[in-house]
There are 2 protein chains.
Amino acid sequence: MNSVLINGQALEQIPVTDRALHYGDGVFETIAVINGAPRLWEKHLSRLQKGCDRLSIPMPHRDLLREEVAQVSRDQATCVVKIIVSRGSGGRGYRPPVPAAPTRLVIRYPFPDYPPSRAAEGVEIRLCETTLGCNPRLAGIKHLNRLEQVLARSEWDDDTVVEGLMLDSEGHLIDGTMSNLFMVLDGVLYTPDLSRCGVEGVMRSLVIEAAHHDNIPLRIEPLKLSLLKSAQEVFITNALIGIWPVICCGENRYAAGLITRQLQHQLVSLMEETSCA
Amino acid sequence: MNSVLINGQALEQIPVTDRALHYGDGVFETIAVINGAPRLWEKHLSRLQKGCDRLSIPMPHRDLLREEVAQVSRDQATCVVKIIVSRGSGGRGYRPPVPAAPTRLVIRYPFPDYPPSRAAEGVEIRLCETTLGCNPRLAGIKHLNRLEQVLARSEWDDDTVVEGLMLDSEGHLIDGTMSNLFMVLDGVLYTPDLSRCGVEGVMRSLVIEAAHHDNIPLRIEPLKLSLLKSAQEVFITNALIGIWPVICCGENRYAAGLITRQLQHQLVSLMEETSCA
C-alpha cells in the first residue's frame, strides 16, 4: 500500500510551484491512528477548518479526508497520519491565486515508540531561548510556518530532554515546540492563553473538557514564567502523547501529582467516547 | 531549455519529505537577471549565506549557484531567478536532521512588466492590518515562513495599489509585503530598524550605500507610524523594482521629491558597478 496520497493520487512528489514550499502557505494536522481509528478526528477536522478559514483556503471535504486517512493506514492500523492542506500552486509573489486550487497531502508515518515510562513516570523538559513572535491572525491554528519551532528544537541534542518550552517576545509562557503546557498550583489548573501565538492543540482541548467534567478549576490566561517555578504539577500534551507529566524543567522539580493523574485517567475515557472507529 | 533546476537536475517536482514544504525550513532569494547578468549578485549571496548560517543550513557553493542561475536564464537573458535553499528531506518532527542534505532550487520566472510610470511618476500604496510578529532570530533574513506577507497581500484587490506597508505588533513601521520602506523628513533619510522583524532587502542595502556616497544623512531606527504622516518623501525598494516613489498612502500624499530622484539616479551607477556580467 502507498503511504502518501496527493490530491487522492499515490504520488511522492509535489510541483515546485506549490505555495507550501515557497511561503508555508497552508495548514496541517498530525493524527494518531489507533487500531484503524483516527483519534480525536472531529477535533482535528475543526482545527483544520479553522486554519483554512483563517487563511481563506477552501477546506477539503471531510468525507474525502476520512477516506484518504483510511486508505493510507489500511495496512498499518496503528500509525501517525499527517494531513497538509496548502493553497496549491501559484506564480511568483505573495498574492494568493483566486480561486485557489488547494493541494491535499495525506502522509502516513510509523507511530513513534515512546517508552511507556514517559506517561507513567514523567519526563524532563527544558526552557528554550528561541521565542515566539506574536500574531493574532496566525495564533492558535496549525499553519506551516514553523521555523520558530525548528530553531527551538535545534537548541538541544540530549535525548533525555524530550521537549522545550517557548516564551513569547514579552516573556509569557506559551507552549512547547510540539506540545501544550499545563500547570497546577494550589488545586487550580493553568494553561496559557493562545490568542496571540502558539497552537491550540486538540489534546489541550480535550484536557480542558476533562477538567470541566471533573470540576477542576481552570484558568486560561497569559502566564508568566514565574508560575513554572511555583507550580506543584506540570504536564505537557499533544495528539500523540496524550499527557506526559513533567518531573524536571531546568532547576525545577515536580511530582506527577494527583490532578495530573486524574486527568490522565479521565482522558482515556474521553478518548474512547470521541474516537472515530 | 529547462527553467527549473533541483540540485542541478532538470526536475519540476520535489519529494513530499522536504522540510520547506512541512515547516518553511529554508531561505530564498529573488534575483533580477538583466541581459544575462544577475544584478546585485554579491549582495544576494551574502544574504543567502546569512540566512543559511542563522538556520544552520549548509550554504551551497557560490560558483555552483552562479552556474545554475546562468543555466536557467540562458535562453531568456532578462528574467527573474528565484533560489530556494531548504534543509532538505527529513522525517516527522521539528528536530533538524544532522547532517542536513539541503535541497537547492533555481527557478526562472518572466521579468514582470511593470509600467515605467511607477519609477517615473510614483505609486499608490496602503497600510495593512496584518502585523508582523517580532523574532530577532528570524529578523532580516529571507526565510520561507511568509504567511504574514500572504495575509497582508490578500487584504486588497485593487490593482492601482501596488504595495501594502506592515507594522510590527508594537506599532512600528517595518516594511512592505515585498519591499523596504524609506522616508525623507527635513533632509534626513529614514528607514526602519529591522533587528526584530522584516527582511533586509538587497536594494535597501544599496540605497543605504548610495545615501552614504551622496552624504545624505541617514537614520536607521525604530520608526513610528506618525513619521509616515509627516514625511515629505516616501519610497519603496526591492531587487526587481529598484526605487519606486510613493505618491499616495491612504490619506497621505507625497511628491516624488529631490532626494528620491537623487537616489534613483545614484542607484543606476552603483548597479552598473556591482553587476556581475
# chains A, B, ... in the order shown; residues from 1 in each chain; ligands from 1

$ interface_residues --of "chain B" --to "chain A" --cutoff "6 Å" --atoms "only C-alpha atoms" --output "NGL selection string"
:B and (12-16 or 20-21 or 23-25 or 94-95 or 133-135 or 144-147 or 150 or 153-154)

$ calpha_fit_and_write --fixed "chain A" --moving "chain B" --output "mmCIF file with C-alpha atoms, in the first residue's frame"
data_model
loop_
_atom_site.group_PDB
_atom_site.id
_atom_site.type_symbol
_atom_site.label_atom_id
_atom_site.label_comp_id
_atom_site.auth_asym_id
_atom_site.auth_seq_id
_atom_site.Cartn_x
_atom_site.Cartn_y
_atom_site.Cartn_z
ATOM 1 C CA MET B 1 0.016 0.003 -0.028
ATOM 2 C CA ASN B 2 1.095 3.534 -0.679
ATOM 3 C CA SER B 3 1.713 5.709 2.294
ATOM 4 C CA VAL B 4 1.267 9.076 0.584
ATOM 5 C CA LEU B 5 -1.727 10.475 -1.266
ATOM 6 C CA ILE B 6 -1.539 13.816 -3.047
ATOM 7 C CA ASN B 7 -4.977 15.024 -4.057
ATOM 8 C CA GLY B 8 -6.036 11.393 -3.831
ATOM 9 C CA GLN B 9 -3.270 10.083 -6.056
ATOM 10 C CA ALA B 10 -0.463 7.774 -4.994
ATOM 11 C CA LEU B 11 2.421 10.192 -5.623
ATOM 12 C CA GLU B 12 5.509 11.085 -3.658
ATOM 13 C CA GLN B 13 6.416 14.458 -5.106
ATOM 14 C CA ILE B 14 4.762 17.853 -5.387
ATOM 15 C CA PRO B 15 5.244 20.523 -8.054
ATOM 16 C CA VAL B 16 7.876 23.182 -7.286
ATOM 17 C CA THR B 17 5.135 25.757 -7.831
ATOM 18 C CA ASP B 18 3.315 24.784 -4.627
ATOM 19 C CA ARG B 19 2.905 27.683 -2.222
ATOM 20 C CA ALA B 20 3.543 25.474 0.813
ATOM 21 C CA LEU B 21 7.123 25.219 -0.427
ATOM 22 C CA HIS B 22 7.537 28.928 -1.212
ATOM 23 C CA TYR B 23 5.679 30.538 1.692
ATOM 24 C CA GLY B 24 4.474 27.842 4.081
ATOM 25 C CA ASP B 25 1.057 28.810 2.762
ATOM 26 C CA GLY B 26 -1.105 26.135 4.352
ATOM 27 C CA VAL B 27 -2.071 24.201 7.468
ATOM 28 C CA PHE B 28 -1.579 20.701 8.809
ATOM 29 C CA GLU B 29 -2.770 18.110 11.319
ATOM 30 C CA THR B 30 -0.845 15.269 12.947
ATOM 31 C CA ILE B 31 -3.239 12.483 13.833
ATOM 32 C CA ALA B 32 -2.830 9.356 15.959
ATOM 33 C CA VAL B 33 -4.479 6.423 14.204
ATOM 34 C CA ILE B 34 -5.092 3.678 16.752
ATOM 35 C CA ASN B 35 -6.301 0.296 15.534
ATOM 36 C CA GLY B 36 -7.568 1.885 12.370
ATOM 37 C CA ALA B 37 -9.399 4.736 14.103
ATOM 38 C CA PRO B 38 -8.136 8.331 13.807
ATOM 39 C CA ARG B 39 -8.231 9.581 17.398
ATOM 40 C CA LEU B 40 -9.919 12.942 18.094
ATOM 41 C CA TRP B 41 -10.943 13.092 14.456
ATOM 42 C CA GLU B 42 -13.637 15.730 14.902
ATOM 43 C CA LYS B 43 -11.275 17.967 16.827
ATOM 44 C CA HIS B 44 -8.623 17.642 14.133
ATOM 45 C CA LEU B 45 -11.167 18.487 11.444
ATOM 46 C CA SER B 46 -12.434 21.494 13.400
ATOM 47 C CA ARG B 47 -8.949 22.914 13.775
ATOM 48 C CA LEU B 48 -8.144 22.234 10.121
ATOM 49 C CA GLN B 49 -11.346 24.044 9.175
ATOM 50 C CA LYS B 50 -10.438 26.976 11.430
ATOM 51 C CA GLY B 51 -6.986 27.166 9.851
ATOM 52 C CA CYS B 52 -8.366 27.006 6.312
ATOM 53 C CA ASP B 53 -10.917 29.695 7.161
ATOM 54 C CA ARG B 54 -8.253 31.945 8.676
ATOM 55 C CA LEU B 55 -6.084 31.634 5.565
ATOM 56 C CA SER B 56 -9.037 31.633 3.121
ATOM 57 C CA ILE B 57 -8.068 28.256 1.737
ATOM 58 C CA PRO B 58 -11.002 26.054 0.659
ATOM 59 C CA MET B 59 -11.323 23.166 3.148
ATOM 60 C CA PRO B 60 -11.227 19.704 1.557
ATOM 61 C CA HIS B 61 -14.384 17.668 2.011
ATOM 62 C CA ARG B 62 -14.381 15.884 5.372
ATOM 63 C CA ASP B 63 -15.519 12.534 3.959
ATOM 64 C CA LEU B 64 -12.765 12.643 1.394
ATOM 65 C CA LEU B 65 -10.141 13.238 4.109
ATOM 66 C CA ARG B 66 -11.612 10.426 6.212
ATOM 67 C CA GLU B 67 -11.451 8.054 3.262
ATOM 68 C CA GLU B 68 -7.882 9.015 2.437
ATOM 69 C CA VAL B 69 -6.727 8.613 6.042
ATOM 70 C CA ALA B 70 -8.291 5.126 5.992
ATOM 71 C CA GLN B 71 -6.571 4.383 2.703
ATOM 72 C CA VAL B 72 -3.019 5.274 3.794
ATOM 73 C CA SER B 73 -3.413 3.498 7.144
ATOM 74 C CA ARG B 74 -5.046 0.365 5.737
ATOM 75 C CA ASP B 75 -2.074 -1.946 6.198
ATOM 76 C CA GLN B 76 -0.692 -0.262 9.319
ATOM 77 C CA ALA B 77 -3.614 0.085 11.680
ATOM 78 C CA THR B 78 -1.685 2.015 14.331
ATOM 79 C CA CYS B 79 0.291 4.851 12.822
ATOM 80 C CA VAL B 80 0.528 8.619 12.534
ATOM 81 C CA VAL B 81 -1.195 10.348 9.628
ATOM 82 C CA LYS B 82 -0.290 13.878 8.721
ATOM 83 C CA ILE B 83 -2.700 15.916 6.616
ATOM 84 C CA ILE B 84 -1.344 19.019 4.886
ATOM 85 C CA VAL B 85 -3.635 21.423 3.059
ATOM 86 C CA SER B 86 -1.719 24.015 1.066
ATOM 87 C CA ARG B 87 -3.110 26.807 -1.077
ATOM 88 C CA GLY B 88 -1.731 24.891 -4.054
ATOM 89 C CA SER B 89 0.295 26.107 -6.986
ATOM 90 C CA GLY B 90 0.801 29.723 -7.851
ATOM 91 C CA GLY B 91 3.113 32.093 -9.691
ATOM 92 C CA ARG B 92 5.788 34.264 -8.104
ATOM 93 C CA GLY B 93 4.563 36.723 -5.483
ATOM 94 C CA TYR B 94 2.663 36.630 -2.216
ATOM 95 C CA ARG B 95 -0.735 37.459 -3.669
ATOM 96 C CA PRO B 96 -2.898 34.354 -3.347
ATOM 97 C CA PRO B 97 -4.293 32.977 -6.598
ATOM 98 C CA VAL B 98 -8.099 33.316 -6.775
ATOM 99 C CA PRO B 99 -9.686 30.849 -6.887
ATOM 100 C CA ALA B 100 -7.112 28.666 -5.146
ATOM 101 C CA ALA B 101 -6.771 25.027 -6.141
ATOM 102 C CA PRO B 102 -5.527 23.595 -2.822
ATOM 103 C CA THR B 103 -3.105 20.697 -2.580
ATOM 104 C CA ARG B 104 -4.182 17.956 -0.172
ATOM 105 C CA LEU B 105 -1.469 15.681 1.197
ATOM 106 C CA VAL B 106 -2.161 12.669 3.383
ATOM 107 C CA ILE B 107 1.025 11.024 4.619
ATOM 108 C CA ARG B 108 1.488 8.016 6.845
ATOM 109 C CA TYR B 109 4.341 7.708 9.360
ATOM 110 C CA PRO B 110 5.139 4.969 11.874
ATOM 111 C CA PHE B 111 3.728 5.554 15.333
ATOM 112 C CA PRO B 112 6.673 6.709 17.493
ATOM 113 C CA ASP B 113 7.809 4.122 20.015
ATOM 114 C CA TYR B 114 7.723 6.345 23.081
ATOM 115 C CA PRO B 115 8.845 4.520 26.216
ATOM 116 C CA PRO B 116 5.773 3.869 28.443
ATOM 117 C CA SER B 117 7.743 5.405 31.318
ATOM 118 C CA ARG B 118 7.134 8.852 29.880
ATOM 119 C CA ALA B 119 3.416 8.777 30.622
ATOM 120 C CA ALA B 120 3.894 6.677 33.772
ATOM 121 C CA GLU B 121 6.825 8.334 35.484
ATOM 122 C CA GLY B 122 7.160 11.642 33.689
ATOM 123 C CA VAL B 123 9.668 13.457 31.536
ATOM 124 C CA GLU B 124 12.403 16.030 31.634
ATOM 125 C CA ILE B 125 11.922 19.233 29.628
ATOM 126 C CA ARG B 126 13.813 22.489 29.230
ATOM 127 C CA LEU B 127 13.272 26.163 28.532
ATOM 128 C CA CYS B 128 14.189 27.352 25.031
ATOM 129 C CA GLU B 129 15.910 30.607 24.164
ATOM 130 C CA THR B 130 14.090 30.923 20.838
ATOM 131 C CA THR B 131 10.959 32.992 21.407
ATOM 132 C CA LEU B 132 7.638 33.104 19.568
ATOM 133 C CA GLY B 133 6.561 36.177 17.629
ATOM 134 C CA CYS B 134 3.021 37.373 18.337
ATOM 135 C CA ASN B 135 0.461 37.460 15.573
ATOM 136 C CA PRO B 136 -3.225 37.149 16.448
ATOM 137 C CA ARG B 137 -4.124 36.308 12.834
ATOM 138 C CA LEU B 138 -1.905 33.217 12.932
ATOM 139 C CA ALA B 139 -2.324 32.285 16.599
ATOM 140 C CA GLY B 140 -3.983 29.016 17.531
ATOM 141 C CA ILE B 141 -3.995 27.440 14.061
ATOM 142 C CA LYS B 142 -1.517 24.808 12.945
ATOM 143 C CA HIS B 143 -0.028 26.568 9.955
ATOM 144 C CA LEU B 144 3.074 25.598 8.007
ATOM 145 C CA ASN B 145 5.306 28.469 9.197
ATOM 146 C CA ARG B 146 7.255 26.530 11.797
ATOM 147 C CA LEU B 147 10.783 27.932 11.769
ATOM 148 C CA GLU B 148 10.467 29.110 15.368
ATOM 149 C CA GLN B 149 9.802 25.518 16.441
ATOM 150 C CA VAL B 150 12.640 24.224 14.259
ATOM 151 C CA LEU B 151 15.098 26.693 15.809
ATOM 152 C CA ALA B 152 13.863 25.925 19.323
ATOM 153 C CA ARG B 153 14.088 22.159 18.764
ATOM 154 C CA SER B 154 17.638 22.518 17.469
ATOM 155 C CA GLU B 155 18.774 24.083 20.751
ATOM 156 C CA TRP B 156 19.421 20.701 22.365
ATOM 157 C CA ASP B 157 20.711 17.225 21.474
ATOM 158 C CA ASP B 158 20.328 15.469 24.786
ATOM 159 C CA ASP B 159 17.743 12.724 24.222
ATOM 160 C CA THR B 160 16.849 12.592 27.906
ATOM 161 C CA VAL B 161 15.212 16.014 27.422
ATOM 162 C CA VAL B 162 12.016 15.393 25.472
ATOM 163 C CA GLU B 163 10.594 18.863 24.999
ATOM 164 C CA GLY B 164 11.428 22.567 25.137
ATOM 165 C CA LEU B 165 9.088 25.279 26.405
ATOM 166 C CA MET B 166 8.819 28.547 24.514
ATOM 167 C CA LEU B 167 8.069 32.065 25.684
ATOM 168 C CA ASP B 168 6.637 34.848 23.567
ATOM 169 C CA SER B 169 8.627 38.011 22.930
ATOM 170 C CA GLU B 170 7.111 39.529 26.076
ATOM 171 C CA GLY B 171 8.144 36.690 28.354
ATOM 172 C CA HIS B 172 4.861 34.815 28.656
ATOM 173 C CA LEU B 173 4.905 31.030 28.725
ATOM 174 C CA ILE B 174 3.166 29.811 25.560
ATOM 175 C CA ASP B 175 3.736 26.155 24.702
ATOM 176 C CA GLY B 176 6.307 23.502 23.911
ATOM 177 C CA THR B 177 7.809 23.051 20.456
ATOM 178 C CA MET B 178 5.377 20.171 19.838
ATOM 179 C CA SER B 179 3.055 20.239 22.841
ATOM 180 C CA ASN B 180 0.809 22.363 25.026
ATOM 181 C CA LEU B 181 1.583 23.215 28.607
ATOM 182 C CA PHE B 182 -0.482 22.838 31.785
ATOM 183 C CA MET B 183 0.482 23.694 35.341
ATOM 184 C CA VAL B 184 -1.197 23.117 38.697
ATOM 185 C CA LEU B 185 -0.894 25.485 41.641
ATOM 186 C CA ASP B 186 -2.985 25.136 44.801
ATOM 187 C CA GLY B 187 -5.607 22.978 43.122
ATOM 188 C CA VAL B 188 -6.073 25.280 40.119
ATOM 189 C CA LEU B 189 -5.162 24.139 36.604
ATOM 190 C CA TYR B 190 -3.473 26.778 34.427
ATOM 191 C CA THR B 191 -2.787 26.784 30.701
ATOM 192 C CA PRO B 192 -1.530 29.717 28.604
ATOM 193 C CA ASP B 193 -3.873 31.928 26.635
ATOM 194 C CA LEU B 194 -3.067 31.330 22.953
ATOM 195 C CA SER B 195 -4.785 34.281 21.340
ATOM 196 C CA ARG B 196 -1.509 35.965 20.319
ATOM 197 C CA CYS B 197 0.709 32.970 19.479
ATOM 198 C CA GLY B 198 1.004 29.222 19.932
ATOM 199 C CA VAL B 199 -1.004 26.285 18.634
ATOM 200 C CA GLU B 200 -4.333 25.228 20.152
ATOM 201 C CA GLY B 201 -3.704 21.508 20.409
ATOM 202 C CA VAL B 202 -6.529 19.005 20.052
ATOM 203 C CA MET B 203 -5.330 17.227 23.219
ATOM 204 C CA ARG B 204 -5.239 20.575 25.039
ATOM 205 C CA SER B 205 -8.873 20.987 24.122
ATOM 206 C CA LEU B 206 -9.673 17.507 25.439
ATOM 207 C CA VAL B 207 -7.833 18.191 28.715
ATOM 208 C CA ILE B 208 -9.877 21.375 29.114
ATOM 209 C CA GLU B 209 -13.034 19.292 28.653
ATOM 210 C CA ALA B 210 -11.760 16.722 31.141
ATOM 211 C CA ALA B 211 -11.074 19.461 33.695
ATOM 212 C CA HIS B 212 -14.602 20.823 33.280
ATOM 213 C CA HIS B 213 -15.996 17.312 33.566
ATOM 214 C CA ASP B 214 -14.144 16.756 36.847
ATOM 215 C CA ASN B 215 -14.853 20.238 38.207
ATOM 216 C CA ILE B 216 -11.172 21.125 38.351
ATOM 217 C CA PRO B 217 -10.863 24.935 38.434
ATOM 218 C CA LEU B 218 -9.195 26.064 35.206
ATOM 219 C CA ARG B 219 -7.644 29.374 34.239
ATOM 220 C CA ILE B 220 -6.679 30.153 30.639
ATOM 221 C CA GLU B 221 -4.739 33.406 30.714
ATOM 222 C CA PRO B 222 -1.388 35.010 29.932
ATOM 223 C CA LEU B 223 1.083 33.225 32.212
ATOM 224 C CA LYS B 224 4.418 34.485 33.409
ATOM 225 C CA LEU B 225 7.511 32.308 33.649
ATOM 226 C CA SER B 226 7.403 32.596 37.444
ATOM 227 C CA LEU B 227 4.406 30.234 37.525
ATOM 228 C CA LEU B 228 6.680 27.472 36.244
ATOM 229 C CA LYS B 229 8.791 27.889 39.370
ATOM 230 C CA SER B 230 5.908 27.913 41.821
ATOM 231 C CA ALA B 231 3.774 25.209 40.159
ATOM 232 C CA GLN B 232 3.300 21.940 42.046
ATOM 233 C CA GLU B 233 2.448 19.888 38.969
ATOM 234 C CA VAL B 234 3.366 20.448 35.322
ATOM 235 C CA PHE B 235 2.390 18.398 32.306
ATOM 236 C CA ILE B 236 2.529 18.590 28.510
ATOM 237 C CA THR B 237 0.019 17.314 25.971
ATOM 238 C CA ASN B 238 -0.299 16.558 22.295
ATOM 239 C CA ALA B 239 -2.325 14.370 19.967
ATOM 240 C CA LEU B 240 0.200 11.538 20.029
ATOM 241 C CA ILE B 241 1.461 11.575 23.615
ATOM 242 C CA GLY B 242 -1.752 12.370 25.486
ATOM 243 C CA ILE B 243 -0.469 13.667 28.840
ATOM 244 C CA TRP B 244 3.154 13.401 29.929
ATOM 245 C CA PRO B 245 3.835 14.566 33.482
ATOM 246 C CA VAL B 246 6.883 16.833 33.728
ATOM 247 C CA ILE B 247 9.236 15.907 36.558
ATOM 248 C CA CYS B 248 12.047 18.278 35.702
ATOM 249 C CA CYS B 249 12.489 21.565 33.851
ATOM 250 C CA GLY B 250 15.895 23.108 34.378
ATOM 251 C CA GLU B 251 16.300 23.533 38.126
ATOM 252 C CA ASN B 252 12.610 22.985 38.859
ATOM 253 C CA ARG B 253 11.456 19.556 40.062
ATOM 254 C CA TYR B 254 7.861 18.344 40.112
ATOM 255 C CA ALA B 255 5.904 15.325 41.214
ATOM 256 C CA ALA B 256 3.503 13.645 38.809
ATOM 257 C CA GLY B 257 0.719 14.779 41.118
ATOM 258 C CA LEU B 258 -2.893 13.955 41.795
ATOM 259 C CA ILE B 259 -4.533 16.288 39.280
ATOM 260 C CA THR B 260 -2.212 15.141 36.505
ATOM 261 C CA ARG B 261 -3.071 11.510 37.284
ATOM 262 C CA GLN B 262 -6.774 12.249 37.495
ATOM 263 C CA LEU B 263 -6.715 13.967 34.076
ATOM 264 C CA GLN B 264 -4.675 11.163 32.511
ATOM 265 C CA HIS B 265 -7.306 8.737 33.744
ATOM 266 C CA GLN B 266 -10.210 10.914 32.590
ATOM 267 C CA LEU B 267 -8.631 11.352 29.164
ATOM 268 C CA VAL B 268 -8.713 7.640 28.485
ATOM 269 C CA SER B 269 -12.500 7.537 28.877
ATOM 270 C CA LEU B 270 -13.012 10.718 26.855
ATOM 271 C CA MET B 271 -10.830 9.418 24.027
ATOM 272 C CA GLU B 272 -12.836 6.223 23.873
ATOM 273 C CA GLU B 273 -16.025 8.274 23.581
ATOM 274 C CA THR B 274 -14.699 10.579 20.869
ATOM 275 C CA SER B 275 -12.731 8.140 18.729
ATOM 276 C CA CYS B 276 -13.968 7.555 15.238
ATOM 277 C CA ALA B 277 -13.956 3.810 14.615
#

$ select_by_dssp --residues "stretch 116-274 of chain B" --states "strand (DSSP E or B)" --output "compact mmCIF listing (two decimals) with N, CA and C atoms, in the first residue's frame"
# COMPACT_ATOMS: atom_id res chain seq x y z
N VAL B 123 3.94 55.62 -7.17
CA VAL B 123 2.90 54.61 -6.98
C VAL B 123 2.03 54.92 -5.77
N GLU B 124 0.89 54.24 -5.76
CA GLU B 124 -0.01 54.31 -4.61
C GLU B 124 0.19 53.06 -3.76
N ILE B 125 0.29 53.24 -2.44
CA ILE B 125 0.40 52.09 -1.54
C ILE B 125 -0.65 52.23 -0.44
N ARG B 126 -0.71 51.26 0.43
CA ARG B 126 -1.68 51.30 1.52
C ARG B 126 -1.05 50.78 2.81
N LEU B 127 -1.79 50.87 3.88
CA LEU B 127 -1.34 50.35 5.16
C LEU B 127 -2.11 49.06 5.43
N LEU B 132 3.31 42.18 11.82
CA LEU B 132 4.46 41.27 11.81
C LEU B 132 4.82 40.89 13.24
N GLY B 140 15.45 40.00 9.45
CA GLY B 140 16.45 40.38 8.46
C GLY B 140 16.62 39.37 7.35
N HIS B 143 13.62 34.17 4.94
CA HIS B 143 13.26 32.77 5.16
C HIS B 143 11.92 32.44 4.49
N VAL B 161 -3.31 49.90 -6.38
CA VAL B 161 -2.49 49.93 -5.16
C VAL B 161 -1.43 48.84 -5.30
N VAL B 162 -0.14 49.23 -5.32
CA VAL B 162 0.88 48.26 -5.68
C VAL B 162 1.56 47.61 -4.49
N GLU B 163 1.39 48.17 -3.31
CA GLU B 163 2.09 47.61 -2.16
C GLU B 163 1.35 47.95 -0.88
N GLY B 164 1.58 47.14 0.16
CA GLY B 164 1.00 47.39 1.47
C GLY B 164 2.09 47.45 2.52
N LEU B 165 2.06 48.48 3.36
CA LEU B 165 3.04 48.60 4.44
C LEU B 165 2.58 47.81 5.66
N MET B 166 3.55 47.27 6.38
CA MET B 166 3.23 46.47 7.56
C MET B 166 3.89 47.05 8.82
N LEU B 167 3.14 46.98 9.90
CA LEU B 167 3.64 47.40 11.21
C LEU B 167 3.97 46.16 12.02
N ASP B 168 4.85 46.29 13.01
CA ASP B 168 5.03 45.17 13.92
C ASP B 168 3.95 45.22 15.00
N HIS B 172 5.33 49.76 15.19
CA HIS B 172 6.42 50.36 14.40
C HIS B 172 6.25 50.02 12.93
N LEU B 173 6.58 50.98 12.08
CA LEU B 173 6.63 50.73 10.64
C LEU B 173 7.80 49.78 10.37
N ILE B 174 7.58 48.74 9.59
CA ILE B 174 8.68 47.80 9.32
C ILE B 174 9.04 47.77 7.83
N ASP B 175 8.14 47.25 7.01
CA ASP B 175 8.43 47.20 5.58
C ASP B 175 7.15 46.96 4.80
N GLY B 176 7.25 46.84 3.50
CA GLY B 176 6.12 46.45 2.69
C GLY B 176 6.08 44.94 2.57
N ASN B 180 11.18 47.26 0.88
CA ASN B 180 11.58 48.04 2.05
C ASN B 180 11.11 49.46 1.90
N LEU B 181 11.08 50.14 3.03
CA LEU B 181 10.49 51.47 3.11
C LEU B 181 11.53 52.52 3.50
N PHE B 182 11.50 53.65 2.78
CA PHE B 182 12.33 54.81 3.13
C PHE B 182 11.43 56.04 3.19
N MET B 183 11.79 56.96 4.08
CA MET B 183 11.04 58.21 4.18
C MET B 183 12.03 59.35 4.34
N VAL B 184 11.65 60.52 3.85
CA VAL B 184 12.50 61.71 3.98
C VAL B 184 11.73 62.77 4.76
N LEU B 185 12.39 63.30 5.79
CA LEU B 185 11.81 64.42 6.54
C LEU B 185 12.93 65.43 6.83
N VAL B 188 16.53 64.51 6.03
CA VAL B 188 17.09 63.28 6.61
C VAL B 188 16.34 62.07 6.04
N LEU B 189 17.12 61.05 5.67
CA LEU B 189 16.53 59.82 5.14
C LEU B 189 16.34 58.83 6.30
N TYR B 190 15.15 58.28 6.40
CA TYR B 190 14.83 57.32 7.47
C TYR B 190 14.47 55.97 6.87
N THR B 191 14.93 54.90 7.50
CA THR B 191 14.43 53.57 7.15
C THR B 191 14.35 52.75 8.43
N PRO B 192 13.34 51.87 8.54
CA PRO B 192 13.13 51.16 9.81
C PRO B 192 14.30 50.25 10.19
N VAL B 199 12.56 42.07 6.47
CA VAL B 199 13.60 41.49 5.60
C VAL B 199 14.57 42.60 5.20
N LEU B 218 21.37 59.75 7.22
CA LEU B 218 20.51 58.55 7.25
C LEU B 218 20.32 58.09 8.68
N ARG B 219 19.09 57.79 9.03
CA ARG B 219 18.82 57.22 10.35
C ARG B 219 18.08 55.89 10.21
N ILE B 220 18.68 54.84 10.77
CA ILE B 220 18.07 53.51 10.78
C ILE B 220 17.66 53.25 12.22
N GLU B 221 16.37 53.28 12.49
CA GLU B 221 15.91 53.18 13.88
C GLU B 221 14.45 52.76 13.91
N LEU B 223 10.77 53.12 13.88
CA LEU B 223 10.02 54.28 13.37
C LEU B 223 8.53 54.12 13.65
N LYS B 224 7.95 55.17 14.18
CA LYS B 224 6.53 55.14 14.47
C LYS B 224 5.73 55.52 13.23
N GLU B 233 8.90 62.94 1.62
CA GLU B 233 9.08 61.99 0.52
C GLU B 233 9.01 60.58 1.10
N VAL B 234 8.46 59.66 0.34
CA VAL B 234 8.40 58.25 0.73
C VAL B 234 8.74 57.43 -0.50
N PHE B 235 9.56 56.41 -0.33
CA PHE B 235 9.74 55.48 -1.46
C PHE B 235 9.94 54.06 -0.97
N ILE B 236 9.70 53.10 -1.87
CA ILE B 236 9.87 51.69 -1.57
C ILE B 236 10.92 51.10 -2.51
N THR B 237 11.55 50.03 -2.06
CA THR B 237 12.65 49.44 -2.84
C THR B 237 12.54 47.92 -2.82
N ASN B 238 12.93 47.29 -3.89
CA ASN B 238 13.29 45.87 -3.84
C ASN B 238 14.20 45.52 -5.03
N GLY B 242 13.88 48.37 -7.96
CA GLY B 242 14.79 49.48 -7.66
C GLY B 242 14.10 50.40 -6.67
N ILE B 243 13.89 51.66 -7.06
CA ILE B 243 13.17 52.62 -6.21
C ILE B 243 11.87 53.03 -6.90
N TRP B 244 10.77 52.89 -6.21
CA TRP B 244 9.50 53.47 -6.66
C TRP B 244 9.10 54.57 -5.68
N PRO B 245 8.99 55.81 -6.17
CA PRO B 245 8.48 56.86 -5.29
C PRO B 245 7.03 56.55 -4.91
N VAL B 246 6.66 56.88 -3.69
CA VAL B 246 5.27 56.71 -3.24
C VAL B 246 4.60 58.09 -3.32
N ILE B 247 3.47 58.15 -4.04
CA ILE B 247 2.78 59.44 -4.13
C ILE B 247 1.51 59.46 -3.28
N CYS B 248 1.13 58.27 -2.80
CA CYS B 248 -0.11 58.20 -2.04
C CYS B 248 -0.12 56.98 -1.15
N CYS B 249 -0.44 57.19 0.13
CA CYS B 249 -0.64 56.06 1.05
C CYS B 249 -1.82 56.45 1.93
N ASN B 252 -2.47 60.14 2.95
CA ASN B 252 -1.24 60.92 2.83
C ASN B 252 -0.80 61.03 1.37
N ARG B 253 -0.43 62.24 0.96
CA ARG B 253 0.06 62.47 -0.40
C ARG B 253 1.51 62.94 -0.34

$ select_by_dssp --residues "stretch 204-275 of chain A" --states "helix (DSSP H, G or I)" --output "PyMOL selection string"
chain A and resi 204-213+226-230+258-274
